[in-house]
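Colleague: Dropping in upload.tsv, which is TSV, C-alpha atoms and all ligand atoms:
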chain	number	residue	atom	x	y	z
A	286	MET	CA	-18.46	-14.59	-8.40
A	287	SER	CA	-16.30	-12.02	-6.61
A	288	VAL	CA	-13.37	-9.96	-7.82
A	289	LEU	CA	-10.59	-8.27	-5.87
A	290	VAL	CA	-8.81	-5.46	-7.71
A	291	LEU	CA	-5.44	-4.33	-6.39
A	292	ALA	CA	-5.45	-0.55	-6.85
A	293	ASP	CA	-2.43	1.41	-8.05
A	294	HIS	CA	-1.79	4.69	-6.28
A	295	ASP	CA	1.05	7.12	-5.83
A	296	GLN	CA	1.57	10.11	-3.55
A	297	GLY	CA	-2.03	10.12	-2.39
A	298	VAL	CA	-3.54	9.87	-5.87
A	299	LEU	CA	-5.40	6.88	-7.33
A	300	SER	CA	-3.93	5.81	-10.68
A	301	PRO	CA	-6.29	6.24	-13.65
A	302	ALA	CA	-5.43	2.59	-14.44
A	303	THR	CA	-7.59	1.41	-11.53
A	304	ALA	CA	-10.80	2.90	-13.00
A	305	ARG	CA	-10.03	1.05	-16.25
A	306	ILE	CA	-9.44	-2.26	-14.45
A	307	VAL	CA	-12.69	-1.87	-12.52
A	308	HIS	CA	-14.61	-1.29	-15.75
A	309	ALA	CA	-12.90	-4.27	-17.40
A	310	VAL	CA	-13.84	-6.74	-14.65
A	311	ALA	CA	-17.30	-5.39	-13.82
A	312	GLU	CA	-19.03	-8.22	-15.74
A	313	LEU	CA	-17.16	-10.92	-13.84
A	314	GLY	CA	-18.86	-10.35	-10.49
A	315	THR	CA	-18.95	-8.19	-7.38
A	316	VAL	CA	-15.89	-5.95	-7.39
A	317	ASP	CA	-13.97	-4.99	-4.25
A	318	ILE	CA	-10.86	-2.81	-4.39
A	319	LEU	CA	-7.81	-3.22	-2.17
A	320	LEU	CA	-5.73	-0.13	-1.41
A	321	ALA	CA	-2.53	-1.02	0.38
A	322	GLY	CA	0.27	1.36	1.28
A	323	GLU	CA	0.90	4.72	2.84
A	324	ASN	CA	-1.14	7.85	2.33
A	325	ILE	CA	-4.19	5.96	1.07
A	326	ALA	CA	-7.12	7.95	2.49
A	327	ALA	CA	-7.59	10.13	-0.61
A	328	PRO	CA	-7.11	7.33	-3.17
A	329	ALA	CA	-9.53	5.12	-1.17
A	330	GLN	CA	-12.08	7.93	-1.37
A	331	SER	CA	-11.55	8.17	-5.15
A	332	ALA	CA	-11.84	4.38	-5.51
A	333	SER	CA	-15.16	4.38	-3.62
A	334	THR	CA	-16.68	6.67	-6.26
A	335	LEU	CA	-16.03	4.22	-9.14
A	336	ALA	CA	-19.17	2.69	-10.61
A	337	GLY	CA	-19.48	-1.04	-9.93
A	338	VAL	CA	-17.36	-1.10	-6.77
A	339	ALA	CA	-19.05	-2.88	-3.83
A	340	LYS	CA	-16.42	-2.19	-1.17
A	341	VAL	CA	-13.02	-0.56	-0.76
A	342	LEU	CA	-10.62	-2.38	1.58
A	343	THR	CA	-7.74	-0.36	3.00
A	344	ALA	CA	-4.47	-1.62	4.47
A	345	GLU	CA	-2.42	1.31	5.76
A	346	GLY	CA	1.34	0.78	6.04
A	347	LEU	CA	4.50	0.23	4.07
A	348	PHE	CA	4.19	-2.76	1.74
A	349	VAL	CA	6.83	-4.28	-0.53
A	350	ALA	CA	6.26	-7.18	-2.89
A	351	ASP	CA	6.47	-10.01	-0.34
A	352	SER	CA	4.29	-8.36	2.31
A	353	LEU	CA	1.74	-7.30	-0.29
A	354	GLU	CA	1.65	-10.89	-1.56
A	355	MET	CA	1.14	-12.09	2.04
A	356	LEU	CA	-1.71	-9.63	2.52
A	357	LEU	CA	-3.34	-10.71	-0.74
A	358	SER	CA	-3.01	-14.41	0.10
A	359	THR	CA	-4.98	-13.85	3.33
A	360	LEU	CA	-7.74	-12.19	1.31
A	361	THR	CA	-7.89	-14.41	-1.79
A	362	VAL	CA	-9.84	-17.16	-0.07
A	363	ARG	CA	-12.92	-14.92	-0.46
A	364	TYR	CA	-12.42	-14.13	-4.17
A	365	HIS	CA	-12.66	-15.94	-7.51
A	366	TYR	CA	-10.55	-13.35	-9.31
A	367	VAL	CA	-7.58	-11.31	-8.12
A	368	VAL	CA	-6.75	-8.62	-10.66
A	369	ALA	CA	-4.02	-6.00	-10.94
A	370	SER	CA	-2.85	-3.72	-13.70
A	371	ALA	CA	0.15	-4.98	-15.67
A	372	GLY	CA	2.30	-2.23	-14.15
A	373	SER	CA	5.36	-2.57	-11.95
A	374	VAL	CA	3.41	-3.54	-8.79
A	375	GLY	CA	1.08	-6.04	-10.47
A	376	LYS	CA	3.95	-7.66	-12.37
A	377	ASP	CA	5.87	-8.04	-9.11
A	378	VAL	CA	3.12	-9.28	-6.83
A	379	LEU	CA	0.75	-11.45	-8.90
A	380	PRO	CA	3.35	-14.05	-9.95
A	381	ARG	CA	4.40	-14.40	-6.28
A	382	LEU	CA	0.79	-14.94	-5.27
A	383	ALA	CA	0.36	-17.43	-8.12
A	384	ALA	CA	3.36	-19.43	-6.91
A	385	LYS	CA	2.03	-19.43	-3.35
A	386	LEU	CA	-1.43	-20.61	-4.45
A	387	ASP	CA	-0.06	-23.00	-7.11
A	388	LEU	CA	-2.04	-21.27	-9.85
A	389	MET	CA	-1.04	-20.05	-13.30
A	390	PRO	CA	-1.48	-16.29	-13.65
A	391	VAL	CA	-2.81	-14.94	-16.94
A	392	THR	CA	-0.79	-11.82	-17.65
A	393	ASP	CA	-1.07	-8.78	-19.93
A	394	VAL	CA	-4.75	-9.41	-20.66
A	395	THR	CA	-6.18	-7.00	-23.27
A	396	ALA	CA	-9.74	-8.40	-23.49
A	397	ILE	CA	-11.98	-10.43	-21.19
A	398	LEU	CA	-14.00	-12.73	-23.44
A	399	GLY	CA	-15.90	-14.59	-20.69
A	400	PRO	CA	-15.62	-15.79	-17.09
A	401	ASN	CA	-12.60	-17.94	-17.92
A	402	ARG	CA	-11.50	-16.77	-21.38
A	403	PHE	CA	-8.94	-14.04	-21.74
A	404	GLU	CA	-7.12	-12.48	-24.70
A	405	ARG	CA	-3.48	-11.44	-24.51
A	406	PRO	CA	-0.84	-10.40	-27.05
A	407	ILE	CA	2.13	-12.68	-27.69
A	408	TYR	CA	5.26	-12.49	-29.89
A	409	ALA	CA	5.69	-8.76	-29.14
A	410	GLY	CA	2.09	-8.05	-30.07
A	411	ASN	CA	2.25	-9.80	-33.45
A	412	ALA	CA	-0.37	-12.39	-32.47
A	413	LEU	CA	-3.26	-12.58	-30.04
A	414	GLN	CA	-3.66	-15.62	-27.83
A	415	THR	CA	-6.96	-16.71	-26.27
A	416	VAL	CA	-6.42	-18.43	-22.93
A	417	ALA	CA	-9.18	-20.61	-21.43
A	418	SER	CA	-8.44	-21.33	-17.80
A	419	ASN	CA	-10.14	-24.06	-15.76
A	420	GLN	CA	-8.43	-23.13	-12.53
A	421	PRO	CA	-10.51	-22.62	-9.38
A	422	LYS	CA	-9.30	-19.00	-9.12
A	423	HIS	CA	-8.04	-16.60	-11.74
A	424	LEU	CA	-5.09	-14.32	-11.14
A	425	LEU	CA	-4.94	-11.68	-13.87
A	426	THR	CA	-2.82	-8.71	-14.82
A	427	LEU	CA	-4.58	-6.40	-17.26
A	428	ARG	CA	-3.14	-3.84	-19.66
A	429	ALA	CA	-5.23	-0.97	-18.36
A	430	SER	CA	-4.81	1.10	-21.52
A	431	ALA	CA	-6.85	-1.51	-23.46
A	432	PHE	CA	-10.02	-0.75	-21.45
A	433	ARG	CA	-12.30	2.23	-20.91
A	434	ALA	CA	-12.51	3.80	-17.45
A	435	ALA	CA	-15.42	3.13	-15.10
A	436	ALA	CA	-17.78	6.05	-14.50
A	437	THR	CA	-17.83	7.80	-11.16
A	438	GLY	CA	-20.73	8.72	-8.86
A	439	ASN	CA	-20.69	5.68	-6.57
A	440	ALA	CA	-20.22	5.86	-2.78
A	441	ALA	CA	-18.99	2.39	-1.86
A	442	PRO	CA	-18.16	1.76	1.82
A	443	ILE	CA	-14.50	1.93	2.88
A	444	GLU	CA	-13.35	-0.73	5.35
A	445	ALA	CA	-9.94	-0.94	7.06
A	446	ILE	CA	-8.62	-4.50	7.25
A	447	ASP	CA	-6.43	-6.17	9.86
A	448	THR	CA	-2.80	-6.41	8.73
A	449	SER	CA	-1.31	-7.55	12.04
A	450	GLY	CA	-0.10	-10.94	10.71
A	451	VAL	CA	1.60	-9.44	7.64
A	452	SER	CA	5.37	-9.15	7.65
A	453	SER	CA	8.23	-8.79	5.19
A	454	ALA	CA	11.66	-10.36	4.86
A	455	ALA	CA	12.78	-7.23	3.01
A	456	LYS	CA	13.80	-3.90	4.51
A	457	LEU	CA	13.25	-0.77	2.47
A	458	ILE	CA	16.45	1.29	2.71
A	459	ALA	CA	15.51	4.21	0.46
A	460	SER	CA	13.34	5.11	-2.46
A	461	HIS	CA	14.32	7.54	-5.19
A	462	ARG	CA	11.61	9.31	-7.09
A	463	THR	CA	11.87	10.48	-10.67
A	464	GLN	CA	10.79	14.11	-10.81
A	465	SER	CA	8.65	14.91	-13.80
A	466	GLU	CA	6.38	17.76	-14.77
A	467	THR	CA	4.80	15.71	-17.55
A	468	PRO	CA	1.86	13.26	-17.23
A	469	ASP	CA	2.31	9.56	-16.53
A	470	LEU	CA	3.50	7.84	-19.72
A	471	ALA	CA	1.33	4.73	-19.34
A	472	THR	CA	-1.94	6.67	-19.12
A	473	ALA	CA	-1.23	9.97	-20.94
A	474	GLN	CA	-3.61	11.06	-23.70
A	475	ILE	CA	-0.78	12.50	-25.77
A	476	VAL	CA	2.75	11.06	-25.93
A	477	VAL	CA	5.71	12.63	-27.73
A	478	GLY	CA	8.39	10.00	-28.38
A	479	GLY	CA	11.99	10.56	-29.40
A	480	GLY	CA	14.41	8.17	-31.07
A	481	ILE	CA	18.17	7.85	-31.41
A	482	ALA	CA	18.10	10.60	-34.05
A	483	VAL	CA	17.48	13.15	-31.27
A	484	GLY	CA	21.20	12.75	-30.76
A	485	SER	CA	21.78	13.71	-27.10
A	486	ALA	CA	20.20	14.26	-23.69
A	487	GLU	CA	20.17	18.00	-24.54
A	488	GLY	CA	18.34	17.17	-27.76
A	489	PHE	CA	15.65	15.49	-25.68
A	490	GLN	CA	14.98	18.88	-24.04
A	491	LEU	CA	13.51	19.85	-27.41
A	492	ILE	CA	11.20	16.82	-27.24
A	493	GLU	CA	10.29	17.74	-23.66
A	494	SER	CA	9.51	21.35	-24.68
A	495	LEU	CA	7.09	20.14	-27.32
A	496	ALA	CA	5.56	17.68	-24.83
A	497	LYS	CA	5.02	20.46	-22.26
A	498	LYS	CA	3.22	22.60	-24.85
A	499	LEU	CA	0.86	19.72	-25.55
A	500	ASN	CA	0.55	18.54	-21.93
A	501	ALA	CA	1.97	15.26	-23.19
A	502	ALA	CA	4.16	12.57	-21.65
A	503	VAL	CA	7.61	11.89	-23.10
A	504	GLY	CA	8.58	8.48	-24.46
A	505	ALA	CA	11.74	7.14	-26.06
A	506	THR	CA	13.02	4.22	-28.05
A	507	ARG	CA	15.35	1.67	-26.53
A	508	ALA	CA	18.12	2.95	-28.78
A	509	ALA	CA	17.72	6.44	-27.26
A	510	VAL	CA	17.62	5.01	-23.74
A	511	ASP	CA	20.65	2.77	-24.33
A	512	ALA	CA	22.55	5.79	-25.66
A	513	GLY	CA	21.83	7.60	-22.39
A	514	TYR	CA	19.71	10.30	-24.04
A	515	ALA	CA	16.57	9.44	-22.08
A	516	PRO	CA	15.89	7.72	-18.75
A	517	ASN	CA	14.97	4.05	-18.68
A	518	ASP	CA	11.40	4.65	-17.51
A	519	TRP	CA	10.64	6.56	-20.72
A	520	GLN	CA	11.22	3.49	-22.88
A	521	VAL	CA	8.21	2.47	-24.95
A	522	GLY	CA	7.93	-0.95	-26.53
A	523	GLN	CA	8.23	-4.66	-26.00
A	524	THR	CA	10.68	-4.27	-23.13
A	525	GLY	CA	9.41	-0.85	-22.07
A	526	LYS	CA	6.00	0.65	-21.38
A	527	ILE	CA	2.86	-0.17	-23.34
A	528	ILE	CA	1.01	3.03	-24.22
A	529	ALA	CA	-2.39	3.73	-25.75
A	530	PRO	CA	-2.66	7.53	-26.11
A	531	ASP	CA	-5.14	9.35	-28.32
A	532	LEU	CA	-2.13	10.84	-30.13
A	533	TYR	CA	1.43	9.55	-30.46
A	534	ILE	CA	3.99	11.86	-32.06
A	535	ALA	CA	7.03	9.78	-33.02
A	536	ILE	CA	10.10	11.91	-33.71
A	537	GLY	CA	13.16	10.39	-35.36
A	538	ILE	CA	11.87	6.87	-34.71
A	539	SER	CA	12.19	4.21	-37.41
A	540	GLY	CA	9.40	1.92	-36.15
A	541	ALA	CA	11.18	-1.31	-35.27
A	542	LEU	CA	8.84	-4.18	-34.38
A	543	GLN	CA	9.88	-4.02	-30.73
A	544	HIS	CA	8.91	-0.34	-30.58
A	545	LEU	CA	5.62	-0.89	-32.43
A	546	ALA	CA	4.71	-3.55	-29.83
A	547	GLY	CA	4.32	-0.73	-27.32
A	548	ILE	CA	2.21	1.66	-29.39
A	549	GLN	CA	-0.42	-0.59	-30.93
A	550	GLY	CA	-3.14	1.02	-28.83
A	551	ALA	CA	-2.33	4.56	-30.06
A	552	LYS	CA	-5.39	6.00	-31.80
A	553	LYS	CA	-3.57	8.47	-34.07
A	554	ILE	CA	0.12	8.43	-34.98
A	555	VAL	CA	2.13	11.34	-36.35
A	556	ALA	CA	5.65	10.47	-37.55
A	557	ILE	CA	8.37	13.07	-38.07
A	558	ASN	CA	11.28	11.55	-39.95
A	559	THR	CA	13.76	12.33	-42.71
A	560	ASP	CA	13.15	8.92	-44.29
A	561	PRO	CA	9.85	8.53	-46.20
A	562	GLU	CA	10.45	4.76	-46.26
A	563	ALA	CA	10.71	4.32	-42.47
A	564	PRO	CA	8.16	1.72	-41.24
A	565	LEU	CA	6.61	4.16	-38.76
A	566	VAL	CA	6.18	6.78	-41.50
A	567	LYS	CA	4.25	4.21	-43.54
A	568	LEU	CA	2.12	3.24	-40.55
A	569	ALA	CA	1.41	6.81	-39.38
A	570	ASP	CA	-1.87	8.65	-39.93
A	571	ILE	CA	0.15	11.79	-40.69
A	572	ALA	CA	3.81	11.83	-41.72
A	573	LEU	CA	6.01	14.91	-41.75
A	574	ILE	CA	9.13	14.31	-43.82
A	575	GLY	CA	11.84	16.57	-42.50
A	576	ASP	CA	14.69	17.12	-40.10
A	577	LEU	CA	13.45	17.08	-36.52
A	578	PHE	CA	15.82	19.91	-35.59
A	579	GLN	CA	14.03	22.17	-38.06
A	580	VAL	CA	10.48	20.81	-37.71
A	581	ILE	CA	10.18	20.73	-33.90
A	582	PRO	CA	11.24	24.39	-33.25
A	583	GLN	CA	8.76	25.43	-35.98
A	584	LEU	CA	6.01	23.37	-34.34
A	585	ILE	CA	6.78	24.90	-30.92
A	586	ALA	CA	6.77	28.41	-32.41
A	587	GLU	CA	3.35	27.75	-34.00
A	588	LEU	CA	1.97	26.38	-30.71
A	589	ASP	CA	3.23	29.52	-28.93
A	590	LYS	CA	0.94	31.58	-31.16
A	591	ILE	CA	-2.19	29.72	-29.98
B	601	LIG	P1	16.69	3.80	-35.54
B	601	LIG	O1	16.05	2.50	-35.89
B	601	LIG	O2	18.13	3.95	-35.83
B	601	LIG	O3	15.88	4.95	-36.29
B	601	LIG	C1	16.23	6.29	-36.29
B	601	LIG	C2	15.27	7.02	-37.21
B	601	LIG	O4	15.51	8.40	-37.14
B	601	LIG	C3	15.38	6.61	-38.67
B	601	LIG	O5	14.11	6.27	-39.18
B	601	LIG	C4	15.93	7.88	-39.36
B	601	LIG	O6	15.43	8.04	-40.67
B	601	LIG	C5	15.40	8.95	-38.45
B	601	LIG	N1	16.20	10.20	-38.47
B	601	LIG	C6	17.56	10.34	-38.49
B	601	LIG	N2	17.91	11.63	-38.41
B	601	LIG	C7	16.77	12.33	-38.33
B	601	LIG	C8	16.47	13.72	-38.21
B	601	LIG	N3	17.45	14.65	-38.12
B	601	LIG	N4	15.18	14.10	-38.15
B	601	LIG	C9	14.17	13.18	-38.23
B	601	LIG	N5	14.39	11.84	-38.34
B	601	LIG	C10	15.67	11.43	-38.39
B	601	LIG	N6	13.13	-0.69	-29.06
B	601	LIG	C11	12.22	0.10	-28.48
B	601	LIG	O7	12.00	1.25	-28.90
B	601	LIG	N7	11.49	-0.37	-27.41
B	601	LIG	C12	11.65	-1.61	-26.89
B	601	LIG	O8	10.99	-1.97	-25.92
B	601	LIG	C13	12.62	-2.46	-27.50
B	601	LIG	N8	12.81	-3.72	-27.05
B	601	LIG	C14	13.71	-4.52	-27.69
B	601	LIG	C15	13.86	-5.86	-27.28
B	601	LIG	C16	14.74	-6.68	-27.93
B	601	LIG	C17	14.88	-8.10	-27.46
B	601	LIG	C18	15.51	-6.19	-29.00
B	601	LIG	C19	16.47	-7.08	-29.74
B	601	LIG	C20	15.38	-4.90	-29.42
B	601	LIG	C21	14.49	-4.03	-28.77
B	601	LIG	N9	14.33	-2.71	-29.17
B	601	LIG	C22	13.37	-1.94	-28.58
B	601	LIG	C23	15.24	-2.07	-30.16
B	601	LIG	C24	14.65	-1.98	-31.54
B	601	LIG	O9	14.88	-3.16	-32.26
B	601	LIG	C25	15.25	-0.80	-32.33
B	601	LIG	O10	16.64	-0.94	-32.36
B	601	LIG	C26	14.93	0.58	-31.77
B	601	LIG	O11	13.55	0.70	-31.53
B	601	LIG	C27	15.36	1.63	-32.79
B	601	LIG	O12	15.24	2.89	-32.20
B	601	LIG	P2	15.19	4.20	-33.09
B	601	LIG	O13	13.94	4.20	-33.90
B	601	LIG	O14	15.42	5.34	-32.13
B	601	LIG	O15	16.51	4.12	-33.99
Can the structure in the file be given as structure tokens, please?
Modeller:
Amino acid sequence: MSVLVLADHDQGVLSPATARIVHAVAELGTVDILLAGENIAAPAQSASTLAGVAKVLTAEGLFVADSLEMLLSTLTVRYHYVVASAGSVGKDVLPRLAAKLDLMPVTDVTAILGPNRFERPIYAGNALQTVASNQPKHLLTLRASAFRAAATGNAAPIEAIDTSGVSSAAKLIASHRTQSETPDLATAQIVVGGGIAVGSAEGFQLIESLAKKLNAAVGATRAAVDAGYAPNDWQVGQTGKIIAPDLYIAIGISGALQHLAGIQGAKKIVAINTDPEAPLVKLADIALIGDLFQVIPQLIAELDKI
């Protein structure tokens, strides 16, 4: 059995998600990694060090969803599994590939139970579904945060592949990058989340200050995003990002089911809330009952002393 993992990378850095995907699929067969895009020399080098990787394939150039799907479809003939993380690229490309190959993709996988049995959350994480697939090939997106990362120390060969037949019907006009000094939300070890109670975009600067002190990523509820207090890509939950940090500090967040769907993988939860009856306060490992505008400056002042 052979597995092709589509690596995530950005600005010349391999995403930590890729090491997790490689570890997750290692039991399925020989694992090759595909790195497609611009500025891929350094991430290809990082990918080659991951334990369990047989080969790293590189395709240098600008790829958008349709050209990446075309590239993958030329390669899939050699593989039994094509796997990507359930991030923005994987969610865009794998369903296209599935349509082209007339296969059903299995998405948001959180456990691999066997060669053709996969577990995935449904109903906003309130139930787990086991999918048994008898298809000739398996196209999977994995929630990287559900898996441990592969070790490093390997030196797999890196091989450039021919992309001459690959084209796109789309033309990239411009790309706009969100500037952030904080770690990536999807893979951060600590996340500080703010809810509607933060009250304003300026109020979120308080959340960001605490996050910076802890080297944490910043998350937000949909209510806070909809109110314009936080950018869309900070949203955590059913219709936002799925996170699995070691520590999640939820500030002024009630704990609606749709928000909880995104934080089920968090190992420890601290809730800061004025309401002792809030669902997230009841779920939290540690709850601090108090006004965030008093508690957070105190916390920051204490951290400054360390
Ligand atoms: P609220 O529920 O209003 O809670 C505010 C909390 O702040 C309360 O617990 C209150 O006690 C506390 N508080 C108030 N003042 C203070 C203070 N000064 N100090 C400390 N605490 C204070 N939501 C998401 O987050 N992510 C999603 O992906 C998502 N997807 C959705 C999808 C659908 C289809 C739908 C219908 C909803 C979705 N929602 C999602 C919205 C969700 O249902 C909730 O409305 C939202 O999560 C509530 O956000 P909140 O906790 O910020 O606000």
Colleague: Write out as CSV the residues of chain A that have any atom within 6 Å of an atom of ligand LIG 601 (chain B), one row each with the nearest atom pair and its distance in Å to one decimal, counting only C-alpha atoms and all ligand atoms, sorted by chain and then rising number.
Modeller:
residue,atom,partner,partner_atom,distance
A:Gly480,CA,B:LIG601,O14,3.2
A:Ile481,CA,B:LIG601,O14,3.8
A:Ala482,CA,B:LIG601,C6,4.5
A:Thr506,CA,B:LIG601,O7,3.3
A:Arg507,CA,B:LIG601,C11,4.0
A:Ala508,CA,B:LIG601,O12,4.5
A:Ala509,CA,B:LIG601,O14,5.5
A:Gln520,CA,B:LIG601,N7,6.0
A:Val521,CA,B:LIG601,N7,5.0
A:Gly522,CA,B:LIG601,O8,3.3
A:Gln523,CA,B:LIG601,O8,3.9
A:Thr524,CA,B:LIG601,O8,3.6
A:Gly525,CA,B:LIG601,O8,4.3
A:Gly537,CA,B:LIG601,N5,3.5
A:Ile538,CA,B:LIG601,O13,3.5
A:Ser539,CA,B:LIG601,O5,3.3
A:Gly540,CA,B:LIG601,O13,5.6
A:Ala541,CA,B:LIG601,O11,4.9
A:Gln543,CA,B:LIG601,C13,4.5
A:His544,CA,B:LIG601,O7,3.9
A:Ile557,CA,B:LIG601,C9,5.8
A:Asn558,CA,B:LIG601,N5,3.5
A:Thr559,CA,B:LIG601,N5,4.4
A:Asp560,CA,B:LIG601,O6,4.4
A:Ala563,CA,B:LIG601,O5,5.1
A:Gly575,CA,B:LIG601,C9,5.9
A:Asp576,CA,B:LIG601,N4,3.6
A:Leu577,CA,B:LIG601,N4,3.8
Colleague: Using only C-alpha atoms, which protein or nucleic acid residues come within 10 Å of region 464-469 of chain A? Drop anything in the same chain fewer than 4 positions from it, and give the result as a ChimeraX atom specification.
Modeller: /A:300-301,473-476,493,496-497,499-503,519
Colleague: Name the residues in contact with region 358-372 of chain A at a cut-off of 6 Å, using all atoms listed in the file, excluding same-chain residues fewer than 2 positions from it; report them as a list of chain:residue names.
Modeller: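 In the requested format, the answer is A:Ser287, A:Val288, A:Leu289, A:Val290, A:Leu291, A:Met355, A:Leu356, A:Val374, A:Gly375, A:Lys376, A:Asp393, A:Lys422, A:His423, A:Leu424, A:Leu425, A:Thr426, A:Leu427, A:Arg428, A:Ala429.
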Colleague: I want to know what sits within 9 Å of region 402-406 of chain A, based on all atoms listed in the file, with residues of the same chain fewer than 6 positions away left out; could you give that as a list in words?
Modeller: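 The contact residues come out as Val391, Thr392, Asp393, Val394, Thr395, Ala396, Ala412, Leu413, Gln414, Thr415, Val416, Ala417, Ser418 and Leu427 of chain A.
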Colleague: Have a look at A:Gly478, A:Pro328, A:Gly438, A:Gly346 and name the one nearest to Val451 (chain A); count only C-alpha atoms.
Modeller: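 Distance minimum relative to Val451 (chain A) lands on A:Gly346.
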Colleague: Choose the residue, out of A:Val298, A:Ala304, A:Ala546, A:Val483, that has the smallest atom-to-atom separation from Gly410 (chain A); count all atoms listed in the file.
Modeller: A:Ala546
Colleague: Taking 4 positions as the minimum chain separation for residues in the same chain, which residues sit within 7 Å of Gly322 (chain A) when counting all atoms listed in the file? Answer as a PyMOL selection string.
Modeller: chain A and resi 344-348
Colleague: Keeping only C-alpha atoms, write the selected residues to a file as a PDB file, in the frame of the given file.
Modeller:
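Saved as out.pdb:
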ATOM      1  CA  ALA A 344      -4.470  -1.620   4.470  1.00  0.00           C
ATOM      2  CA  GLU A 345      -2.420   1.310   5.760  1.00  0.00           C
ATOM      3  CA  GLY A 346       1.340   0.780   6.040  1.00  0.00           C
ATOM      4  CA  LEU A 347       4.500   0.230   4.070  1.00  0.00           C
ATOM      5  CA  PHE A 348       4.190  -2.760   1.740  1.00  0.00           C
TER       6      PHE A 348
END
Colleague: May I ask which of the residues A:Thr472, A:Thr343, A:Ser449, A:Ser460 is the closest one to Asn324 (chain A), counting all atoms listed in the file?
Modeller: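 Once distances to Asn324 (chain A) are computed over all atoms listed in the file, the minimum belongs to A:Thr343.
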Colleague: If you measure from CA of Ala551 (chain A) to CA of Arg462 (chain A), what distance in Å do you get, rounded to one decimal?
Modeller: 27.3 Å
Colleague: Would you mind telling me which residue in A:His294, A:Ile527, A:Lys567, A:Gly337 lies nearest to Gly314 (chain A) when using all atoms listed in the file?
Modeller: A:Gly337
Colleague: Which one is closest to Thr315 (chain A): A:Ala486, A:Ala535, A:Val378, A:Ala441? Count only C-alpha atoms.
Modeller: A:Ala441
Colleague: Please tell me which residues are no farther than 7 Å from (-8.8, -7.4, 3.0) in the file, counting only C-alpha atoms, and write them as a short mmCIF file (atom, residue, chain, number, x, y, z; two decimals) with C-alpha atoms, in the frame of the given file.
Modeller:
data_model
loop_
_atom_site.label_atom_id
_atom_site.label_comp_id
_atom_site.auth_asym_id
_atom_site.auth_seq_id
_atom_site.Cartn_x
_atom_site.Cartn_y
_atom_site.Cartn_z
CA LEU A 319 -7.81 -3.22 -2.17
CA LEU A 342 -10.62 -2.38 1.58
CA LEU A 360 -7.74 -12.19 1.31
CA ILE A 446 -8.62 -4.50 7.25
#
Colleague: Go through A:Asn517, A:Ser331, A:Ser494, A:Ser452 one by one, measure the shortest atom-to-atom distance of each to Ala586 (chain A) using all atoms listed in the file, and give the residue with the smallest value.
Modeller: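 Among the listed residues, A:Ser494 lies closest to Ala586 (chain A).
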Colleague: Distance CA of Ala529 (chain A)-CA of Phe489 (chain A), one decimal place?
Modeller: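 Atom-to-atom, CA of Ala529 (chain A) and CA of Phe489 (chain A) are spaced 21.5 Å apart.
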Colleague: Just how far from CA of Ala311 (chain A) is CA of Gln330 (chain A), in Å to one decimal?
Modeller: 19.0 Å
